[in-house]
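Peer 1: I'd like to ask some things about the structure below.
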Amino acid sequence: MSNATKTVTKAAGIMMAAILVSRLLGLVREMVIASKFGVGSEVDAYGVAFQLPDLLYFLLSSGALSAAFIPVFTEYLTKGEEKEAWKVFSIVGTFIFLVLTFFIVVCEVLAPVLVPLFAPGEFIAEHGDALGLAVRLTRIVLPAQLFFLVGGLVMATLYSRKHFLTPAMGPIIYNTGIICGGLFLADRLGIEGLTWGVLAGAFIGNFVLQIIVARRFGAVYTPSLNLRHPGVVKVGKLALPVMLGLSLPYVDVIVNRAFASMISEGAIAALNYANRLMQMPLGVFAQASAVALFPTLAAHAAQKQMAELRDGVNLGLRGVLFLTIPSSVLMMVLATPMVRMLFQHGEFVPADAPYVGYALIFYSVGLAGWAGQLVVSRGFYALQESITPVISGTIVTAIFIPLNWLLIKPLGHGGPPMATSIAVILHLLIMLAILRKRLNGLNGGLIMNSLSKVTLASVVCGGAAWIAFRYCGRLVDTTTQSGAGVGVLVAGGIGVLVYAGLVSLLKVDEAAEVWGQITRRFRRKIAESRPQTADTE
């Protein structure tokens with residue numbers, strides 16, 4: 001294994017572990033919300049409260065700031081021009097802080113006018129009190145975007161230094177803040193307690209902690225607005241298309257919620273819960289891999305190592321498909337039982353589980369598409385080419401928005417999730433075709449060989465899990481939270497074992513790599529635990 005592959009694999013392992021903790025806390029967060037507030041207009045209002053802040057964040061960032069900044073910052077570091085690298089950081093940070101502060105103030109003032117635009121359906125017509133609540137919650141959440149965006153820039157400097165642990169701690173602290181808000185403030189403040197937890201978690205985890213650690217890595221900040229600096233101009237040219245473009249991966253949640261508001265009370269809440277569950281494997285496997293891979297891809301691109309860049313994208317894509325395709329199948333097979341196991345408590349009644357599980361099935365269809373586009377888009381950003389993902393996303397979004405409307409009638413509240421899945425798969429295929437031409441090939445035969453084997457193994461593992469869950473239903477009542485939990489653990493465990501056995505039998509390269517990493521780490525731990533004996537001769 002090459003040094004670059006070892007670096008990426010180690011970084012991905014760190015990110016996966018940290019993001020796993022974050023996602024588990026995210027599930028605990030959703031369980032607290034479900035237990036306290038169930039599926040109703042209050043949770044709908046809570047979901048709507050994130051619409052305006054999310055749009056503000058997406059339009060000014062859309063992930064573009066980090067994606068544009070890391071290649072430029074890494075290029076300066078590679079050339080040994082660290083002082084110039086920190087100048088670029090200071091200028092971009094100052095500019096973003098001032099611009100975002102201005103927009104936050106404007107949105108705070110205009111919130112009563114802007115918030116209704118994001119929920120045009122029955123939510124507005126039938127729940128006027130919930131609309132007023134959504135406006136109040138929006139005003140609390142808005143300032144958190146400043147901490148996310150400025151903190152994200154600081155995180156980008158840490159990624160460039162190949163330091164991944166502290167940025168991964170940000171979401172963990174963020175989710176902990178929301179959980180504390182639900183547990184300790186909800187009884188006194190209602191659902192507003194959650195939004196104060198959002199603000200506190202963002203400030204501590206995504207802002208303060210990142211600054212403290214970045215200073216230890218030599219971060220230097222000097223307020224400046226020299227926007228003519230060549231590095232800043234390059235960052236702007238890379239980031240501006242994504243900030244101004246209508247890119248699918250960053251607007252799907254906003255569009256889904258808007259269409260869900262036209263269906264019925266609880267539809268927004270159901271989509272939120274389902275989307276959070278889908279995000280669990282996406283974050284642990286795909287986001288972790290993409291974040292860990294990106295600095296290495298950027299370094300290869302900066303040094304004009306195109307062969308290594310191709311190999312990196314190929315490896316990353318095969319890796320995330322190997323992990324997310326079986327996850328997608330298992331989530332579709334066990335959707336409603338998973339919802340029962342995690343959320344069926346307190347105000348979340350048994351009848352709510354199938355409603356949320358139905359949406360989860362359609363979100364899960366696109367899981368591998370979301371994972372793949374995270375890796376492929378990093379290939380473009382490493383090349384300092386941001387316009388192509390935006391053009392692709394804009395084209396797909398032109399299809400995605402009317403697709404929501406078309407699918408609502410036959411699929412109900414499953415329509416928006418299915419539209420999302422179709423669109424993101426199309427987005428991945430378009431970007432993959434373009435990147436293949438840009439890099440003069442991606443060794444597609446290797447990808448297709450792996451994909452066919454992984455898909456076959458995933459289908460069989462899903463069938464095994466379905467049979468196992470049906471059998472569990474004869475032994476325990478799987479309509480209860482505890483019974484569903486037993487069924488999911490047994491069926492899911494059997495599905496994973498079947499998948500592991502099949503990919504080993506089919507000689508899937510990614511399986512050997514994952515198993516090799518586990519055994520090497522296990523052997524190292526054993527070696528470290530052995531007592532050191534003195535030479536007695």
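So you can find residues: chains in the structure tokens are A, B, ... in the order shown, residues in each start at 1, and ligands are numbered from 1 in order.
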Please build the interface table for range 230-336 of chain A against range 365-376 of chain A with a cut-off of 7 Å, listing for each qualifying residue the nearest atom pair and the distance in Å to one decimal; count only C-alpha atoms, order rows by chain and increasing number, and write it as a tab-separated table.
Peer 2:
residue	atom	partner	partner_atom	distance
A:Leu282	CA	A:Ala371	CA	6.3
A:Ala286	CA	A:Ala371	CA	4.9
A:Gln287	CA	A:Leu374	CA	7.0
A:Ala290	CA	A:Val375	CA	5.2
A:Val313	CA	A:Val376	CA	6.7
A:Gly316	CA	A:Val375	CA	6.3
A:Leu317	CA	A:Gly372	CA	5.8
A:Val320	CA	A:Ala371	CA	6.2
A:Leu321	CA	A:Ala368	CA	6.0
A:Thr324	CA	A:Ala368	CA	5.4
A:Ile325	CA	A:Ala368	CA	5.6
A:Ser328	CA	A:Leu367	CA	5.9
Peer 1: With N, CA, C and O atoms retained, write the just-selected residues as a short mmCIF file (atom, residue, chain, number, x, y, z; two decimals), in the first residue's frame.
Peer 2:
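Dumped to selection25.cif:
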data_model
loop_
_atom_site.label_atom_id
_atom_site.label_comp_id
_atom_site.auth_asym_id
_atom_site.auth_seq_id
_atom_site.Cartn_x
_atom_site.Cartn_y
_atom_site.Cartn_z
N LEU A 282 -24.43 7.70 5.71
CA LEU A 282 -23.82 8.64 4.77
C LEU A 282 -22.69 9.40 5.44
O LEU A 282 -21.60 9.56 4.88
N ALA A 286 -19.38 7.82 3.99
CA ALA A 286 -19.07 8.64 2.82
C ALA A 286 -18.44 9.98 3.19
O ALA A 286 -17.42 10.37 2.63
N GLN A 287 -19.07 10.70 4.12
CA GLN A 287 -18.52 12.00 4.48
C GLN A 287 -17.12 11.86 5.06
O GLN A 287 -16.21 12.63 4.74
N ALA A 290 -14.69 11.11 2.18
CA ALA A 290 -14.47 12.25 1.30
C ALA A 290 -13.62 13.33 1.96
O ALA A 290 -12.72 13.90 1.34
N VAL A 313 -9.31 9.06 -6.61
CA VAL A 313 -10.76 9.16 -6.85
C VAL A 313 -11.35 7.77 -7.02
O VAL A 313 -12.43 7.45 -6.47
N GLY A 316 -11.49 6.06 -3.61
CA GLY A 316 -12.52 6.65 -2.77
C GLY A 316 -13.92 6.26 -3.20
O GLY A 316 -14.77 5.94 -2.36
N LEU A 317 -14.16 6.24 -4.50
CA LEU A 317 -15.49 5.89 -5.01
C LEU A 317 -15.81 4.43 -4.73
O LEU A 317 -16.92 4.10 -4.26
N VAL A 320 -16.60 3.99 -0.89
CA VAL A 320 -17.89 4.43 -0.35
C VAL A 320 -19.04 3.59 -0.91
O VAL A 320 -20.04 3.35 -0.19
N LEU A 321 -18.94 3.12 -2.15
CA LEU A 321 -19.98 2.25 -2.69
C LEU A 321 -19.99 0.91 -1.97
O LEU A 321 -21.06 0.34 -1.71
N THR A 324 -21.83 1.83 1.37
CA THR A 324 -23.16 2.44 1.40
C THR A 324 -24.23 1.65 0.65
O THR A 324 -25.41 1.76 0.99
N ILE A 325 -23.87 0.87 -0.35
CA ILE A 325 -24.90 0.09 -1.07
C ILE A 325 -25.57 -0.93 -0.14
O ILE A 325 -26.80 -1.01 -0.08
N SER A 328 -27.79 0.91 2.26
CA SER A 328 -29.02 1.34 1.62
C SER A 328 -30.05 0.22 1.59
O SER A 328 -31.22 0.42 1.93
#
Peer 1: Provide the CA of Gly483 in chain A to CA of Gln344 in chain A distance in Å, to one decimal place.
Peer 2: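 The value is 11.3 Å.
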Peer 1: From a DSSP pass on the backbone, collect the residues of range 343-518 of chain A flagged as alpha helix (DSSP H) and hand them back as an MDAnalysis selection string.
Peer 2: chainID A and resid 343 352:365 367:382 387:411 415:438 444:475 481:505 509:518
Peer 1: Which polymer residues have any atom within 9 Å of an atom of Ala270 in chain A, counting only C-alpha atoms, with same-chain residues fewer than 5 positions away left out, as a PDB file with C-alpha atoms, in the first residue's frame?
Peer 2:
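Contents of part.pdb, as written:
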ATOM      1  CA  VAL A  39     -44.849  14.193  15.049  1.00  0.00           C
ATOM      2  CA  ASP A  44     -42.906  21.092  11.771  1.00  0.00           C
ATOM      3  CA  ASN A 275     -33.511  12.119   6.467  1.00  0.00           C
ATOM      4  CA  ASP A 352     -46.116   7.320  13.464  1.00  0.00           C
ATOM      5  CA  TYR A 355     -45.352   7.025   8.302  1.00  0.00           C
ATOM      6  CA  VAL A 356     -41.688   7.898   8.892  1.00  0.00           C
ATOM      7  CA  GLY A 357     -40.444   4.503   7.681  1.00  0.00           C
ATOM      8  CA  ALA A 359     -40.195   8.199   3.734  1.00  0.00           C
ATOM      9  CA  LEU A 360     -36.985   6.477   4.860  1.00  0.00           C
ATOM     10  CA  HIS A 413     -44.948  12.177   1.387  1.00  0.00           C
TER      11      HIS A 413
END
Peer 1: Between A:Leu153, A:Ala17, A:Ile96, A:Val459, which has the minimum distance to Met332 in chain A (counting only C-alpha atoms)?
Peer 2: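 Between A:Leu153, A:Ala17, A:Ile96, A:Val459, the residue approaching Met332 in chain A most closely is A:Val459.
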Peer 1: Which residues of range 342-422 of chain A come within 10 Å of range 435-450 of chain A, and what is each one's closest atom pair and distance in Å (one decimal), counting only C-alpha atoms, sorted by chain and residue number, as a tab-separated table?
Peer 2:
residue	atom	partner	partner_atom	distance
A:Val376	CA	A:Leu435	CA	7.6
A:Ser377	CA	A:Leu435	CA	8.8
A:Gly379	CA	A:Leu435	CA	7.5
A:Phe380	CA	A:Leu435	CA	7.2
A:Leu383	CA	A:Arg438	CA	9.7
A:Thr388	CA	A:Leu435	CA	9.0
A:Pro389	CA	A:Leu435	CA	9.9
Peer 1: Could you dump the residues just selected with all heavy atoms as a PDB file, in the first residue's frame?
Peer 2:
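Wrote it out as result.pdb, contents follow:
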ATOM      1  N   VAL A 376     -16.655  12.297  -5.918  1.00  0.00           N
ATOM      2  CA  VAL A 376     -16.393  12.802  -7.261  1.00  0.00           C
ATOM      3  C   VAL A 376     -16.262  14.318  -7.267  1.00  0.00           C
ATOM      4  O   VAL A 376     -15.389  14.877  -7.947  1.00  0.00           O
ATOM      5  CB  VAL A 376     -17.504  12.349  -8.230  1.00  0.00           C
ATOM      6  CG1 VAL A 376     -17.314  12.983  -9.605  1.00  0.00           C
ATOM      7  CG2 VAL A 376     -17.497  10.829  -8.353  1.00  0.00           C
ATOM      8  N   SER A 377     -17.100  15.012  -6.505  1.00  0.00           N
ATOM      9  CA  SER A 377     -17.003  16.475  -6.460  1.00  0.00           C
ATOM     10  C   SER A 377     -15.659  16.920  -5.891  1.00  0.00           C
ATOM     11  O   SER A 377     -15.096  17.931  -6.326  1.00  0.00           O
ATOM     12  CB  SER A 377     -18.143  17.065  -5.623  1.00  0.00           C
ATOM     13  OG  SER A 377     -18.072  16.636  -4.275  1.00  0.00           O
ATOM     14  N   GLY A 379     -12.905  15.489  -6.456  1.00  0.00           N
ATOM     15  CA  GLY A 379     -11.959  15.412  -7.569  1.00  0.00           C
ATOM     16  C   GLY A 379     -11.916  16.707  -8.349  1.00  0.00           C
ATOM     17  O   GLY A 379     -10.838  17.201  -8.706  1.00  0.00           O
ATOM     18  N   PHE A 380     -13.088  17.305  -8.607  1.00  0.00           N
ATOM     19  CA  PHE A 380     -13.134  18.595  -9.297  1.00  0.00           C
ATOM     20  C   PHE A 380     -12.525  19.703  -8.446  1.00  0.00           C
ATOM     21  O   PHE A 380     -11.760  20.540  -8.946  1.00  0.00           O
ATOM     22  CB  PHE A 380     -14.587  18.950  -9.641  1.00  0.00           C
ATOM     23  CG  PHE A 380     -15.155  18.177 -10.784  1.00  0.00           C
ATOM     24  CD1 PHE A 380     -16.081  17.164 -10.567  1.00  0.00           C
ATOM     25  CD2 PHE A 380     -14.760  18.448 -12.084  1.00  0.00           C
ATOM     26  CE1 PHE A 380     -16.617  16.446 -11.625  1.00  0.00           C
ATOM     27  CE2 PHE A 380     -15.287  17.733 -13.155  1.00  0.00           C
ATOM     28  CZ  PHE A 380     -16.217  16.727 -12.918  1.00  0.00           C
ATOM     29  N   LEU A 383      -8.849  19.857  -8.378  1.00  0.00           N
ATOM     30  CA  LEU A 383      -8.327  20.447  -9.606  1.00  0.00           C
ATOM     31  C   LEU A 383      -8.583  21.942  -9.683  1.00  0.00           C
ATOM     32  O   LEU A 383      -8.278  22.579 -10.700  1.00  0.00           O
ATOM     33  CB  LEU A 383      -8.972  19.761 -10.825  1.00  0.00           C
ATOM     34  CG  LEU A 383      -8.607  18.294 -11.055  1.00  0.00           C
ATOM     35  CD1 LEU A 383      -9.538  17.666 -12.074  1.00  0.00           C
ATOM     36  CD2 LEU A 383      -7.153  18.174 -11.494  1.00  0.00           C
ATOM     37  N   THR A 388     -18.027  22.954 -12.805  1.00  0.00           N
ATOM     38  CA  THR A 388     -18.683  21.763 -13.341  1.00  0.00           C
ATOM     39  C   THR A 388     -19.709  21.163 -12.372  1.00  0.00           C
ATOM     40  O   THR A 388     -20.834  20.871 -12.791  1.00  0.00           O
ATOM     41  CB  THR A 388     -17.633  20.698 -13.724  1.00  0.00           C
ATOM     42  OG1 THR A 388     -16.761  21.248 -14.708  1.00  0.00           O
ATOM     43  CG2 THR A 388     -18.310  19.455 -14.279  1.00  0.00           C
ATOM     44  N   PRO A 389     -19.376  20.958 -11.076  1.00  0.00           N
ATOM     45  CA  PRO A 389     -20.407  20.450 -10.161  1.00  0.00           C
ATOM     46  C   PRO A 389     -21.620  21.368 -10.081  1.00  0.00           C
ATOM     47  O   PRO A 389     -22.750  20.895  -9.912  1.00  0.00           O
ATOM     48  CB  PRO A 389     -19.671  20.379  -8.817  1.00  0.00           C
ATOM     49  CG  PRO A 389     -18.240  20.235  -9.171  1.00  0.00           C
ATOM     50  CD  PRO A 389     -18.057  21.055 -10.406  1.00  0.00           C
TER      51      PRO A 389
END
Peer 1: Quick one: residues within 12 Å of range 174-179 of chain A, only C-alpha atoms, excluding same-chain residues fewer than 4 positions away - as a VMD selection string?
Peer 2: chain A and resid 19 21 to 36 141 144 147 to 148 167 to 170 183 to 186 191 to 209
Peer 1: So how many Å separate CA of Gly319 in chain A and CA of Leu456 in chain A, to one decimal?
Peer 2: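 Pair CA of Gly319 in chain A / CA of Leu456 in chain A returns 16.1 Å.
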Peer 1: For Phe50 in chain A, which residue among A:Val115, A:Ala299, A:Leu293, A:Ala468 is the nearest when counting only C-alpha atoms?
Peer 2: A:Val115
Peer 1: Excluding Phe69 in chain A and residues on its chain fewer than 3 positions from it, collect all residues at most 12 Å away from it, counting only C-alpha atoms, and give them as a PyMOL selection string.
Peer 2: chain A and resi 61+63-66+72-76+85-86+88-93+152-160+231-240+294-295+298+381-382+384-386
Peer 1: Give me the residues near Val99 in chain A as a JSON list (two decimals) with C-alpha atoms, in the first residue's frame, where near means some atom within 12 Å (using only C-alpha atoms) and where sequence neighbours in that chain fewer than 2 positions away do not count.
Peer 2:
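Output below, filename around-v8.json:
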[["chain", "number", "residue", "atom", "x", "y", "z"],
["A", 56, "LEU", "CA", -28.29, 31.69, 4.01],
["A", 57, "TYR", "CA", -25.51, 29.25, 4.86],
["A", 59, "LEU", "CA", -25.83, 30.57, -0.58],
["A", 60, "LEU", "CA", -22.79, 32.00, 1.17],
["A", 61, "SER", "CA", -21.01, 28.71, 1.57],
["A", 92, "VAL", "CA", -11.19, 35.44, 3.50],
["A", 93, "GLY", "CA", -12.14, 35.15, 7.18],
["A", 94, "THR", "CA", -12.58, 38.91, 7.60],
["A", 95, "PHE", "CA", -14.66, 39.22, 4.45],
["A", 96, "ILE", "CA", -16.93, 36.28, 5.26],
["A", 97, "PHE", "CA", -17.48, 37.52, 8.82],
["A", 101, "THR", "CA", -23.09, 39.41, 9.84],
["A", 102, "PHE", "CA", -24.84, 41.87, 7.52],
["A", 103, "PHE", "CA", -27.13, 39.18, 6.07],
["A", 104, "ILE", "CA", -27.94, 37.74, 9.49],
["A", 105, "VAL", "CA", -29.08, 41.17, 10.72],
["A", 106, "VAL", "CA", -31.23, 41.65, 7.61],
["A", 145, "GLN", "CA", -24.58, 30.21, 10.79],
["A", 146, "LEU", "CA", -21.80, 32.67, 11.61],
["A", 149, "LEU", "CA", -19.13, 29.35, 8.39],
["A", 150, "VAL", "CA", -16.19, 31.03, 10.12],
["A", 225, "LEU", "CA", -9.71, 43.21, 3.39]]
